[in-house]
$ cat structure-v3.cif   # mmCIF, C-alpha atoms and all ligand atoms
data_start
#
loop_
_atom_site.group_PDB
_atom_site.id
_atom_site.type_symbol
_atom_site.label_atom_id
_atom_site.label_comp_id
_atom_site.auth_asym_id
_atom_site.auth_seq_id
_atom_site.Cartn_x
_atom_site.Cartn_y
_atom_site.Cartn_z
ATOM 1 C CA MET A 147 -53.918 39.366 17.288
ATOM 2 C CA THR A 148 -55.817 38.070 14.279
ATOM 3 C CA ARG A 149 -57.331 34.599 14.070
ATOM 4 C CA THR A 150 -54.833 33.486 11.408
ATOM 5 C CA LEU A 151 -51.795 34.341 13.537
ATOM 6 C CA LEU A 152 -53.082 32.612 16.656
ATOM 7 C CA PRO A 153 -51.888 29.064 15.811
ATOM 8 C CA PHE A 154 -48.386 30.357 15.109
ATOM 9 C CA ALA A 155 -48.333 32.293 18.352
ATOM 10 C CA LEU A 156 -49.418 29.180 20.241
ATOM 11 C CA PHE A 157 -46.726 27.120 18.532
ATOM 12 C CA ALA A 158 -44.084 29.696 19.405
ATOM 13 C CA VAL A 159 -45.065 29.447 23.065
ATOM 14 C CA THR A 160 -45.358 25.660 23.263
ATOM 15 C CA ALA A 161 -42.495 24.526 20.978
ATOM 16 C CA PRO A 162 -39.652 25.115 23.461
ATOM 17 C CA TRP A 163 -41.680 23.388 26.171
ATOM 18 C CA LEU A 164 -42.277 20.367 23.908
ATOM 19 C CA ALA A 165 -38.570 20.173 23.085
ATOM 20 C CA CYS A 166 -37.783 20.098 26.801
ATOM 21 C CA GLN A 167 -40.250 17.300 27.389
ATOM 22 C CA ALA A 168 -38.775 15.150 24.573
ATOM 23 C CA ARG A 169 -35.460 14.828 26.435
ATOM 24 C CA PRO A 170 -35.449 12.540 29.462
ATOM 25 C CA PRO A 171 -34.840 14.406 32.691
ATOM 26 C CA GLU A 172 -31.207 14.469 33.887
ATOM 27 C CA ALA A 173 -31.793 11.941 36.674
ATOM 28 C CA ALA A 174 -33.314 9.360 34.280
ATOM 29 C CA ARG A 175 -30.217 9.303 32.050
ATOM 30 C CA PRO A 176 -27.530 6.884 33.304
ATOM 31 C CA ALA A 177 -24.358 8.704 34.347
ATOM 32 C CA VAL A 178 -22.302 5.820 32.918
ATOM 33 C CA PRO A 179 -23.096 4.055 29.615
ATOM 34 C CA GLU A 180 -24.910 0.713 29.786
ATOM 35 C CA THR A 181 -22.105 -1.333 28.171
ATOM 36 C CA ILE A 182 -18.406 -0.600 28.679
ATOM 37 C CA VAL A 183 -15.737 -2.897 27.242
ATOM 38 C CA ASP A 184 -12.066 -2.945 28.236
ATOM 39 C CA LEU A 185 -9.780 -3.099 25.175
ATOM 40 C CA THR A 186 -6.594 -3.273 27.261
ATOM 41 C CA HIS A 187 -4.210 -6.114 28.128
ATOM 42 C CA ALA A 188 -3.082 -6.080 31.776
ATOM 43 C CA PHE A 189 0.588 -5.234 32.379
ATOM 44 C CA ASP A 190 2.682 -7.912 34.058
ATOM 45 C CA ALA A 191 5.962 -9.805 33.605
ATOM 46 C CA GLU A 192 4.469 -11.773 30.667
ATOM 47 C CA THR A 193 3.267 -8.725 28.722
ATOM 48 C CA ILE A 194 4.629 -8.714 25.179
ATOM 49 C CA TYR A 195 6.980 -5.848 24.303
ATOM 50 C CA TRP A 196 8.865 -5.004 21.122
ATOM 51 C CA PRO A 197 11.835 -7.432 20.987
ATOM 52 C CA THR A 198 14.357 -4.681 21.694
ATOM 53 C CA ALA A 199 12.352 -2.979 24.461
ATOM 54 C CA GLY A 200 12.717 -5.187 27.562
ATOM 55 C CA GLY A 201 9.594 -5.974 29.579
ATOM 56 C CA PHE A 202 7.322 -4.657 32.296
ATOM 57 C CA GLU A 203 8.953 -4.627 35.730
ATOM 58 C CA LEU A 204 6.968 -4.300 38.940
ATOM 59 C CA GLU A 205 8.892 -3.959 42.177
ATOM 60 C CA GLN A 206 7.076 -4.429 45.448
ATOM 61 C CA LEU A 207 8.024 -1.735 47.957
ATOM 62 C CA ALA A 208 5.561 -2.632 50.687
ATOM 63 C CA HIS A 209 2.807 -5.173 51.249
ATOM 64 C CA GLY A 210 1.611 -5.973 54.746
ATOM 65 C CA VAL A 211 0.438 -4.729 58.096
ATOM 66 C CA THR A 212 2.595 -1.876 59.376
ATOM 67 C CA GLU A 213 3.898 -1.430 62.924
ATOM 68 C CA ARG A 214 0.996 0.937 63.548
ATOM 69 C CA GLY A 215 -1.577 -1.693 62.655
ATOM 70 C CA PHE A 216 -2.882 -0.612 59.231
ATOM 71 C CA PHE A 217 -2.309 -2.454 55.973
ATOM 72 C CA TYR A 218 -0.123 -0.716 53.401
ATOM 73 C CA ALA A 219 0.889 -1.760 49.866
ATOM 74 C CA ALA A 220 2.885 0.124 47.207
ATOM 75 C CA ASN A 221 4.957 -0.784 44.134
ATOM 76 C CA ARG A 222 7.109 0.953 41.611
ATOM 77 C CA PHE A 223 7.154 -0.007 37.943
ATOM 78 C CA CYS A 224 9.553 0.370 35.058
ATOM 79 C CA THR A 225 8.479 0.041 31.435
ATOM 80 C CA ALA A 226 9.432 0.944 27.897
ATOM 81 C CA GLU A 227 6.860 3.173 26.212
ATOM 82 C CA HIS A 228 6.129 0.645 23.449
ATOM 83 C CA GLY A 229 4.829 -2.584 24.932
ATOM 84 C CA GLY A 230 1.548 -4.138 25.908
ATOM 85 C CA THR A 231 -1.511 -2.104 24.951
ATOM 86 C CA HIS A 232 0.049 1.236 24.164
ATOM 87 C CA LEU A 233 -0.081 4.539 22.341
ATOM 88 C CA ASP A 234 2.247 5.485 19.520
ATOM 89 C CA ALA A 235 2.400 9.284 19.605
ATOM 90 C CA PRO A 236 3.091 10.975 16.241
ATOM 91 C CA ILE A 237 6.568 12.078 17.405
ATOM 92 C CA HIS A 238 7.519 8.364 17.457
ATOM 93 C CA PHE A 239 8.117 8.476 13.668
ATOM 94 C CA PHE A 240 7.814 12.122 12.647
ATOM 95 C CA GLU A 241 9.868 14.985 14.022
ATOM 96 C CA GLY A 242 7.882 17.972 15.198
ATOM 97 C CA ARG A 243 4.586 16.132 15.602
ATOM 98 C CA HIS A 244 2.615 15.570 18.808
ATOM 99 C CA ALA A 245 4.205 13.896 21.815
ATOM 100 C CA ALA A 246 2.051 11.809 24.167
ATOM 101 C CA ASP A 247 1.110 14.782 26.352
ATOM 102 C CA GLU A 248 0.323 17.022 23.367
ATOM 103 C CA ILE A 249 -2.342 14.943 21.610
ATOM 104 C CA PRO A 250 -5.677 16.760 22.048
ATOM 105 C CA LEU A 251 -8.122 14.776 24.206
ATOM 106 C CA ARG A 252 -10.749 15.104 21.476
ATOM 107 C CA GLN A 253 -8.533 13.059 19.195
ATOM 108 C CA LEU A 254 -8.377 10.201 21.689
ATOM 109 C CA ILE A 255 -12.146 9.956 22.180
ATOM 110 C CA GLY A 256 -14.506 9.409 19.276
ATOM 111 C CA ARG A 257 -16.846 7.252 17.255
ATOM 112 C CA GLY A 258 -15.367 3.829 16.657
ATOM 113 C CA ALA A 259 -15.456 1.554 13.614
ATOM 114 C CA LEU A 260 -14.324 -2.071 13.791
ATOM 115 C CA VAL A 261 -12.970 -3.558 10.549
ATOM 116 C CA ASP A 262 -12.721 -7.358 10.699
ATOM 117 C CA VAL A 263 -9.863 -8.631 8.518
ATOM 118 C CA ARG A 264 -9.329 -11.982 10.247
ATOM 119 C CA GLU A 265 -9.957 -14.031 7.114
ATOM 120 C CA ALA A 266 -7.232 -12.365 5.052
ATOM 121 C CA CYS A 267 -4.795 -12.413 7.997
ATOM 122 C CA ALA A 268 -5.416 -16.130 8.604
ATOM 123 C CA ARG A 269 -4.314 -16.757 4.994
ATOM 124 C CA ASP A 270 -1.283 -14.448 5.200
ATOM 125 C CA PRO A 271 0.383 -13.643 8.552
ATOM 126 C CA ASP A 272 2.104 -10.655 6.916
ATOM 127 C CA TYR A 273 -1.185 -9.285 5.536
ATOM 128 C CA ARG A 274 -1.547 -5.527 5.198
ATOM 129 C CA VAL A 275 -5.047 -4.099 5.478
ATOM 130 C CA ARG A 276 -5.939 -2.414 2.200
ATOM 131 C CA VAL A 277 -8.269 0.348 1.090
ATOM 132 C CA GLU A 278 -10.461 -2.387 -0.440
ATOM 133 C CA ASP A 279 -10.968 -3.943 3.004
ATOM 134 C CA ILE A 280 -12.281 -0.676 4.380
ATOM 135 C CA GLU A 281 -14.413 -0.060 1.287
ATOM 136 C CA ALA A 282 -15.916 -3.532 1.767
ATOM 137 C CA TRP A 283 -16.743 -2.547 5.368
ATOM 138 C CA GLU A 284 -18.342 0.679 4.098
ATOM 139 C CA ALA A 285 -20.447 -1.270 1.576
ATOM 140 C CA VAL A 286 -22.113 -3.042 4.513
ATOM 141 C CA HIS A 287 -22.058 -0.443 7.300
ATOM 142 C CA GLY A 288 -21.998 2.862 5.415
ATOM 143 C CA ARG A 289 -19.244 5.427 5.049
ATOM 144 C CA LEU A 290 -16.821 5.765 7.958
ATOM 145 C CA PRO A 291 -17.891 8.712 10.069
ATOM 146 C CA GLU A 292 -15.674 11.782 9.809
ATOM 147 C CA ASP A 293 -13.336 11.782 12.828
ATOM 148 C CA ALA A 294 -13.641 8.017 13.334
ATOM 149 C CA ILE A 295 -11.284 5.938 15.443
ATOM 150 C CA VAL A 296 -10.730 2.879 13.253
ATOM 151 C CA LEU A 297 -9.910 -0.430 14.942
ATOM 152 C CA LEU A 298 -8.576 -3.331 12.857
ATOM 153 C CA ARG A 299 -9.316 -6.858 14.061
ATOM 154 C CA THR A 300 -6.705 -9.206 12.616
ATOM 155 C CA GLY A 301 -7.389 -12.082 15.022
ATOM 156 C CA TRP A 302 -3.849 -11.824 16.449
ATOM 157 C CA GLU A 303 -5.244 -11.233 19.935
ATOM 158 C CA GLU A 304 -5.944 -14.975 20.158
ATOM 159 C CA ARG A 305 -2.154 -15.518 20.046
ATOM 160 C CA TRP A 306 -1.487 -13.113 22.940
ATOM 161 C CA GLY A 307 0.578 -14.816 25.637
ATOM 162 C CA ASP A 308 2.544 -16.885 23.109
ATOM 163 C CA ARG A 309 5.424 -14.655 21.994
ATOM 164 C CA ALA A 310 6.470 -16.857 19.069
ATOM 165 C CA ALA A 311 2.927 -17.046 17.689
ATOM 166 C CA TYR A 312 2.180 -13.364 18.292
ATOM 167 C CA LEU A 313 5.437 -11.838 17.023
ATOM 168 C CA GLY A 314 6.547 -14.549 14.612
ATOM 169 C CA THR A 315 9.647 -15.211 16.741
ATOM 170 C CA ALA A 316 10.485 -15.959 20.359
ATOM 171 C CA LEU A 317 13.875 -14.224 19.973
ATOM 172 C CA THR A 318 14.587 -10.925 21.678
ATOM 173 C CA GLY A 319 17.124 -8.234 20.831
ATOM 174 C CA PRO A 320 18.096 -6.828 17.423
ATOM 175 C CA GLU A 321 18.288 -10.323 15.801
ATOM 176 C CA ALA A 322 14.562 -10.747 16.398
ATOM 177 C CA VAL A 323 13.548 -7.723 14.306
ATOM 178 C CA GLY A 324 14.180 -9.456 10.965
ATOM 179 C CA GLU A 325 12.069 -12.431 12.058
ATOM 180 C CA LEU A 326 8.862 -10.578 12.873
ATOM 181 C CA HIS A 327 5.633 -11.749 11.249
ATOM 182 C CA PHE A 328 2.195 -10.284 11.989
ATOM 183 C CA PRO A 329 -0.390 -8.276 10.043
ATOM 184 C CA GLY A 330 -0.553 -4.496 9.835
ATOM 185 C CA LEU A 331 -2.018 -1.603 7.867
ATOM 186 C CA HIS A 332 -0.874 -0.989 4.284
ATOM 187 C CA PRO A 333 0.736 2.460 3.854
ATOM 188 C CA ASP A 334 -1.667 3.244 0.973
ATOM 189 C CA ALA A 335 -4.601 2.546 3.273
ATOM 190 C CA ALA A 336 -2.997 4.673 6.013
ATOM 191 C CA GLY A 337 -2.786 7.586 3.565
ATOM 192 C CA TRP A 338 -6.348 7.005 2.355
ATOM 193 C CA LEU A 339 -7.727 6.969 5.919
ATOM 194 C CA VAL A 340 -5.995 10.288 6.607
ATOM 195 C CA ARG A 341 -6.824 12.035 3.320
ATOM 196 C CA GLU A 342 -10.192 10.606 2.320
ATOM 197 C CA ARG A 343 -11.769 9.877 5.706
ATOM 198 C CA GLY A 344 -10.092 12.269 8.144
ATOM 199 C CA VAL A 345 -9.708 9.610 10.851
ATOM 200 C CA LYS A 346 -8.670 10.636 14.360
ATOM 201 C CA ALA A 347 -6.659 7.528 15.190
ATOM 202 C CA VAL A 348 -6.101 3.915 14.132
ATOM 203 C CA GLY A 349 -5.687 0.905 16.402
ATOM 204 C CA LEU A 350 -5.136 -2.825 15.966
ATOM 205 C CA ASP A 351 -4.552 -6.106 17.801
ATOM 206 C CA THR A 352 -0.926 -6.638 16.674
ATOM 207 C CA PRO A 353 2.394 -5.224 17.984
ATOM 208 C CA SER A 354 2.702 -2.572 15.261
ATOM 209 C CA ILE A 355 0.632 -0.587 12.779
ATOM 210 C CA ASP A 356 3.160 -1.652 10.085
ATOM 211 C CA HIS A 357 3.256 -5.396 9.443
ATOM 212 C CA GLY A 358 6.043 -7.562 10.871
ATOM 213 C CA PRO A 359 8.479 -7.562 7.891
ATOM 214 C CA SER A 360 8.333 -3.762 7.506
ATOM 215 C CA GLU A 361 11.713 -2.039 7.291
ATOM 216 C CA LEU A 362 10.666 1.535 6.571
ATOM 217 C CA PHE A 363 7.571 1.740 8.805
ATOM 218 C CA GLU A 364 5.714 3.710 6.152
ATOM 219 C CA SER A 365 2.291 3.450 7.755
ATOM 220 C CA HIS A 366 3.691 4.920 10.967
ATOM 221 C CA VAL A 367 5.287 7.756 8.982
ATOM 222 C CA THR A 368 2.145 8.438 6.932
ATOM 223 C CA LEU A 369 -0.208 8.553 9.931
ATOM 224 C CA PHE A 370 2.160 10.451 12.182
ATOM 225 C CA GLU A 371 2.999 13.123 9.609
ATOM 226 C CA ALA A 372 -0.734 13.926 9.777
ATOM 227 C CA ASN A 373 -0.625 13.877 13.614
ATOM 228 C CA VAL A 374 -2.841 10.761 13.678
ATOM 229 C CA PRO A 375 -1.774 8.496 16.570
ATOM 230 C CA ALA A 376 -1.883 4.685 16.655
ATOM 231 C CA PHE A 377 -2.924 2.191 19.330
ATOM 232 C CA GLU A 378 -1.134 -1.168 19.324
ATOM 233 C CA ASN A 379 -1.694 -4.550 21.017
ATOM 234 C CA VAL A 380 -5.347 -3.607 21.502
ATOM 235 C CA ALA A 381 -7.437 -6.312 23.217
ATOM 236 C CA GLY A 382 -11.088 -7.291 23.475
ATOM 237 C CA LEU A 383 -12.064 -6.534 19.874
ATOM 238 C CA ALA A 384 -14.273 -9.665 19.815
ATOM 239 C CA GLU A 385 -16.677 -7.861 22.113
ATOM 240 C CA LEU A 386 -17.257 -4.877 19.827
ATOM 241 C CA PRO A 387 -19.970 -4.348 17.237
ATOM 242 C CA ALA A 388 -18.829 -3.143 13.802
ATOM 243 C CA THR A 389 -20.179 0.326 14.411
ATOM 244 C CA GLY A 390 -22.246 2.402 16.842
ATOM 245 C CA PHE A 391 -19.751 2.631 19.709
ATOM 246 C CA VAL A 392 -17.477 5.243 21.241
ATOM 247 C CA VAL A 393 -13.761 4.688 21.929
ATOM 248 C CA ALA A 394 -11.688 6.449 24.575
ATOM 249 C CA ALA A 395 -7.954 5.756 24.515
ATOM 250 C CA LEU A 396 -6.246 7.568 27.367
ATOM 251 C CA PRO A 397 -2.474 7.065 27.625
ATOM 252 C CA MET A 398 -0.253 7.854 30.550
ATOM 253 C CA LYS A 399 0.546 11.563 30.151
ATOM 254 C CA ILE A 400 4.316 11.352 29.725
ATOM 255 C CA ARG A 401 5.706 14.796 28.944
ATOM 256 C CA GLY A 402 7.532 14.540 25.629
ATOM 257 C CA GLY A 403 6.667 10.816 25.456
ATOM 258 C CA THR A 404 6.808 8.994 22.121
ATOM 259 C CA GLY A 405 4.013 6.739 23.370
ATOM 260 C CA GLY A 406 3.113 4.999 26.570
ATOM 261 C CA PRO A 407 0.877 2.560 28.420
ATOM 262 C CA LEU A 408 -2.703 2.989 27.326
ATOM 263 C CA ARG A 409 -6.059 2.279 28.920
ATOM 264 C CA ILE A 410 -8.460 1.979 26.041
ATOM 265 C CA VAL A 411 -12.181 1.324 26.480
ATOM 266 C CA ALA A 412 -15.305 1.391 24.326
ATOM 267 C CA TRP A 413 -18.949 1.915 25.178
ATOM 268 C CA TRP A 414 -22.341 2.053 23.550
HETATM 269 ZN ZN ZN A 501 4.501 1.493 19.494
#

$ encode --input "structure-v3.cif" --output "structure tokens"
Amino acid sequence: MTRTLLPFALFAVTAPWLACQARPPEAARPAVPETIVDLTHAFDAETIYWPTAGGFELEQLAHGVTERGFFYAANRFCTAEHGGTHLDAPIHFFEGRHAADEIPLRQLIGRGALVDVREACARDPDYRVRVEDIEAWEAVHGRLPEDAIVLLRTGWEERWGDRAAYLGTALTGPEAVGELHFPGLHPDAAGWLVRERGVKAVGLDTPSIDHGPSELFESHVTLFEANVPAFENVAGLAELPATGFVVAALPMKIRGGTGGPLRIVAWW
């Protein structure tokens, strides 16, 4: 070995060792992230469902000390797919697209981006989030990451628990559908998020990804044609930063389901 090659030889030997040392040892890394936030409303008799969908029913089957001396509790529940914090699977509005059990796990877990549109929604309860709103977010926080899960904060979560304030009407049944008022995502923005940003999923804190007065549900159709699912009635958005977090939205795995109850969390 010549003198000139010696430093390179030394580097070749030590570089992998240095790389190993730079990473903290397995035991020093926390198994669970430092901060975990629940973005899910609890399911109970008051949980808000689509006006035509009924509500959440919990039937107590057992609750007490048994004859043999141990305590035992068990319930059964009945629920529509689309109520409370829930998944809309692409099959909900587009034939041949993913059902709840078919959505790849990788599409339900990813880097999150929180777009705050409360100001515009406070001015107009039927506001539809536009491309300009997301471009304004990008001007501050940088381009949306490829494969992002985009969460829209309309401020509607503060109305949760008050059906009339949250949905625009306290009516239920088919008559209620024409009275709905709440913000959503504009179909043009839905298309832009799919085409220009390749998002994995979109969620928001209102009952539907299309705004209340929608009759053709074009944002649903646009997202779902591209197999991009939606998360509705999302909670806890006040606790999130604008960027730098991970979202995991894991629905009940209903075979052939058009959606279903969702446990959605974020961490950073
Ligand atoms: Zn839904």

$ closest_residue --input "structure-v3.cif" --among "A:Leu260, A:Ile255, A:Ile355, A:Leu290" --to "ligand ZN 501 (chain A)" --atoms "all atoms listed in the file"
A:Ile355

$ resolve_selection --input "structure-v3.cif" --expression "the PyMOL selection byres (((not hetatm)) within 12 of (chain A and resi 501))" --output "JSON, numbers by chain"
{"A": [194, 195, 196, 197, 198, 199, 226, 227, 228, 229, 230, 231, 232, 233, 234, 235, 236, 237, 238, 239, 246, 349, 350, 351, 352, 353, 354, 355, 356, 363, 366, 370, 375, 376, 377, 378, 379, 380, 403, 404, 405, 406, 407, 408]}

$ resolve_selection --input "structure-v3.cif" --expression "the PyMOL selection byres (((chain A and resi 357) around 9) and not hetatm)" --output "JSON list (two decimals) with C-alpha atoms, in the frame of the given file"
[["chain", "number", "residue", "atom", "x", "y", "z"],
["A", 271, "PRO", "CA", 0.38, -13.64, 8.55],
["A", 272, "ASP", "CA", 2.10, -10.66, 6.92],
["A", 273, "TYR", "CA", -1.18, -9.28, 5.54],
["A", 274, "ARG", "CA", -1.55, -5.53, 5.20],
["A", 326, "LEU", "CA", 8.86, -10.58, 12.87],
["A", 327, "HIS", "CA", 5.63, -11.75, 11.25],
["A", 328, "PHE", "CA", 2.19, -10.28, 11.99],
["A", 329, "PRO", "CA", -0.39, -8.28, 10.04],
["A", 330, "GLY", "CA", -0.55, -4.50, 9.84],
["A", 331, "LEU", "CA", -2.02, -1.60, 7.87],
["A", 332, "HIS", "CA", -0.87, -0.99, 4.28],
["A", 352, "THR", "CA", -0.93, -6.64, 16.67],
["A", 353, "PRO", "CA", 2.39, -5.22, 17.98],
["A", 354, "SER", "CA", 2.70, -2.57, 15.26],
["A", 355, "ILE", "CA", 0.63, -0.59, 12.78],
["A", 356, "ASP", "CA", 3.16, -1.65, 10.09],
["A", 358, "GLY", "CA", 6.04, -7.56, 10.87],
["A", 359, "PRO", "CA", 8.48, -7.56, 7.89],
["A", 360, "SER", "CA", 8.33, -3.76, 7.51],
["A", 363, "PHE", "CA", 7.57, 1.74, 8.80]]

$ residues_near_point --input "structure-v3.cif" --point "(-10.3, -4.6, 13.9)" --cutoff "12 Å" --atoms "all atoms listed in the file" --output "ChimeraX atom specification"
/A:185,258-265,267,275,279-280,283,295-303,329-331,348-352,355,377-389

$ closest_atom_pairs --input "structure-v3.cif" --of "range 242-322 of chain A" --to "range 397-400 of chain A" --cutoff "9 Å" --atoms "only C-alpha atoms" --output "Markdown table"
| residue | atom | partner | partner_atom | distance |
| --- | --- | --- | --- | --- |
| A:Ala245 | CA | A:Ile400 | CA | 8.3 |
| A:Ala246 | CA | A:Ile400 | CA | 6.0 |
| A:Asp247 | CA | A:Lys399 | CA | 5.0 |
| A:Glu248 | CA | A:Lys399 | CA | 8.7 |
| A:Leu254 | CA | A:Pro397 | CA | 8.9 |

$ residues_around --input "structure-v3.cif" --residues "range 337-341 of chain A" --least-positions-apart "2" --cutoff "8 Å" --atoms "all atoms listed in the file" --output "list in words"
Val277, Pro333, Asp334, Ala335, Arg343, Gly344, Val345, Ser365, Thr368, Leu369, Ala372 and Val374 of chain A

$ closest_residue --input "structure-v3.cif" --among "A:Ala336, A:Gly210, A:Phe189, A:Ile249" --to "Arg276 in chain A" --atoms "all atoms listed in the file"
A:Ala336

$ closest_residue --input "structure-v3.cif" --among "A:Trp306, A:Ala412, A:Ala395, A:Phe216" --to "Glu192 in chain A" --atoms "only C-alpha atoms"
A:Trp306

$ atom_distance --input "structure-v3.cif" --atom1 "CA of Trp413 in chain A" --atom2 "CA of Glu180 in chain A"
7.6 Å

$ axis_aligned_box --input "structure-v3.cif" --around "range 339-347 of chain A" --padding-each-side "8 Å" --output "JSON"
{"center_x": -8.9, "center_y": 9.6, "center_z": 8.8, "size_x": 21.8, "size_y": 21.3, "size_z": 28.9}

$ closest_residue --input "structure-v3.cif" --among "A:Glu292, A:Thr212, A:Asp270, A:His244" --to "Glu371 in chain A" --atoms "only C-alpha atoms"
A:His244

$ decode --input "structure-v3.cif" --residues "range 358-412 of chain A" --atoms "C-alpha atoms" --output "PDB file, in the first residue's frame"
ATOM      1  CA  GLY A 358     -73.381  21.129   2.767  1.00  0.00           C
ATOM      2  CA  PRO A 359     -75.385  22.384  -0.270  1.00  0.00           C
ATOM      3  CA  SER A 360     -73.656  19.964  -2.671  1.00  0.00           C
ATOM      4  CA  GLU A 361     -76.000  17.946  -4.880  1.00  0.00           C
ATOM      5  CA  LEU A 362     -73.523  16.151  -7.123  1.00  0.00           C
ATOM      6  CA  PHE A 363     -70.784  15.412  -4.562  1.00  0.00           C
ATOM      7  CA  GLU A 364     -68.098  16.230  -7.109  1.00  0.00           C
ATOM      8  CA  SER A 365     -65.209  16.322  -4.660  1.00  0.00           C
ATOM      9  CA  HIS A 366     -66.098  12.816  -3.493  1.00  0.00           C
ATOM     10  CA  VAL A 367     -66.237  11.638  -7.115  1.00  0.00           C
ATOM     11  CA  THR A 368     -62.960  13.337  -8.069  1.00  0.00           C
ATOM     12  CA  LEU A 369     -60.985  11.966  -5.108  1.00  0.00           C
ATOM     13  CA  PHE A 370     -62.508   8.509  -5.221  1.00  0.00           C
ATOM     14  CA  GLU A 371     -61.988   8.035  -8.958  1.00  0.00           C
ATOM     15  CA  ALA A 372     -58.278   8.380  -8.105  1.00  0.00           C
ATOM     16  CA  ASN A 373     -58.664   5.908  -5.193  1.00  0.00           C
ATOM     17  CA  VAL A 374     -57.942   8.696  -2.678  1.00  0.00           C
ATOM     18  CA  PRO A 375     -60.049   8.151   0.470  1.00  0.00           C
ATOM     19  CA  ALA A 376     -61.529  10.842   2.729  1.00  0.00           C
ATOM     20  CA  PHE A 377     -61.800  11.180   6.507  1.00  0.00           C
ATOM     21  CA  GLU A 378     -64.813  13.086   7.841  1.00  0.00           C
ATOM     22  CA  ASN A 379     -65.818  14.558  11.223  1.00  0.00           C
ATOM     23  CA  VAL A 380     -62.145  14.576  12.213  1.00  0.00           C
ATOM     24  CA  ALA A 381     -61.483  15.971  15.711  1.00  0.00           C
ATOM     25  CA  GLY A 382     -58.590  17.505  17.617  1.00  0.00           C
ATOM     26  CA  LEU A 383     -57.141  19.557  14.757  1.00  0.00           C
ATOM     27  CA  ALA A 384     -56.423  22.434  17.186  1.00  0.00           C
ATOM     28  CA  GLU A 385     -53.655  20.325  18.671  1.00  0.00           C
ATOM     29  CA  LEU A 386     -51.737  19.832  15.424  1.00  0.00           C
ATOM     30  CA  PRO A 387     -48.874  21.872  14.012  1.00  0.00           C
ATOM     31  CA  ALA A 388     -49.174  22.916  10.354  1.00  0.00           C
ATOM     32  CA  THR A 389     -46.558  20.422   9.278  1.00  0.00           C
ATOM     33  CA  GLY A 390     -43.993  17.940  10.604  1.00  0.00           C
ATOM     34  CA  PHE A 391     -46.364  15.242  11.865  1.00  0.00           C
ATOM     35  CA  VAL A 392     -47.458  11.766  10.831  1.00  0.00           C
ATOM     36  CA  VAL A 393     -51.109  10.698  10.495  1.00  0.00           C
ATOM     37  CA  ALA A 394     -52.449   7.166  10.853  1.00  0.00           C
ATOM     38  CA  ALA A 395     -56.121   6.673  10.020  1.00  0.00           C
ATOM     39  CA  LEU A 396     -57.123   3.072  10.622  1.00  0.00           C
ATOM     40  CA  PRO A 397     -60.774   2.229   9.911  1.00  0.00           C
ATOM     41  CA  MET A 398     -62.669  -0.831  10.986  1.00  0.00           C
ATOM     42  CA  LYS A 399     -61.836  -3.437   8.327  1.00  0.00           C
ATOM     43  CA  ILE A 400     -65.316  -4.047   6.930  1.00  0.00           C
ATOM     44  CA  ARG A 401     -65.103  -6.379   3.945  1.00  0.00           C
ATOM     45  CA  GLY A 402     -66.636  -4.559   0.991  1.00  0.00           C
ATOM     46  CA  GLY A 403     -67.375  -1.555   3.244  1.00  0.00           C
ATOM     47  CA  THR A 404     -68.023   1.858   1.696  1.00  0.00           C
ATOM     48  CA  GLY A 405     -66.503   3.427   4.808  1.00  0.00           C
ATOM     49  CA  GLY A 406     -66.627   2.848   8.513  1.00  0.00           C
ATOM     50  CA  PRO A 407     -65.734   4.007  12.010  1.00  0.00           C
ATOM     51  CA  LEU A 408     -62.228   5.389  12.067  1.00  0.00           C
ATOM     52  CA  ARG A 409     -59.585   5.788  14.742  1.00  0.00           C
ATOM     53  CA  ILE A 410     -57.328   8.519  13.482  1.00  0.00           C
ATOM     54  CA  VAL A 411     -54.250   9.725  15.364  1.00  0.00           C
ATOM     55  CA  ALA A 412     -51.235  11.925  14.675  1.00  0.00           C
TER      56      ALA A 412
END
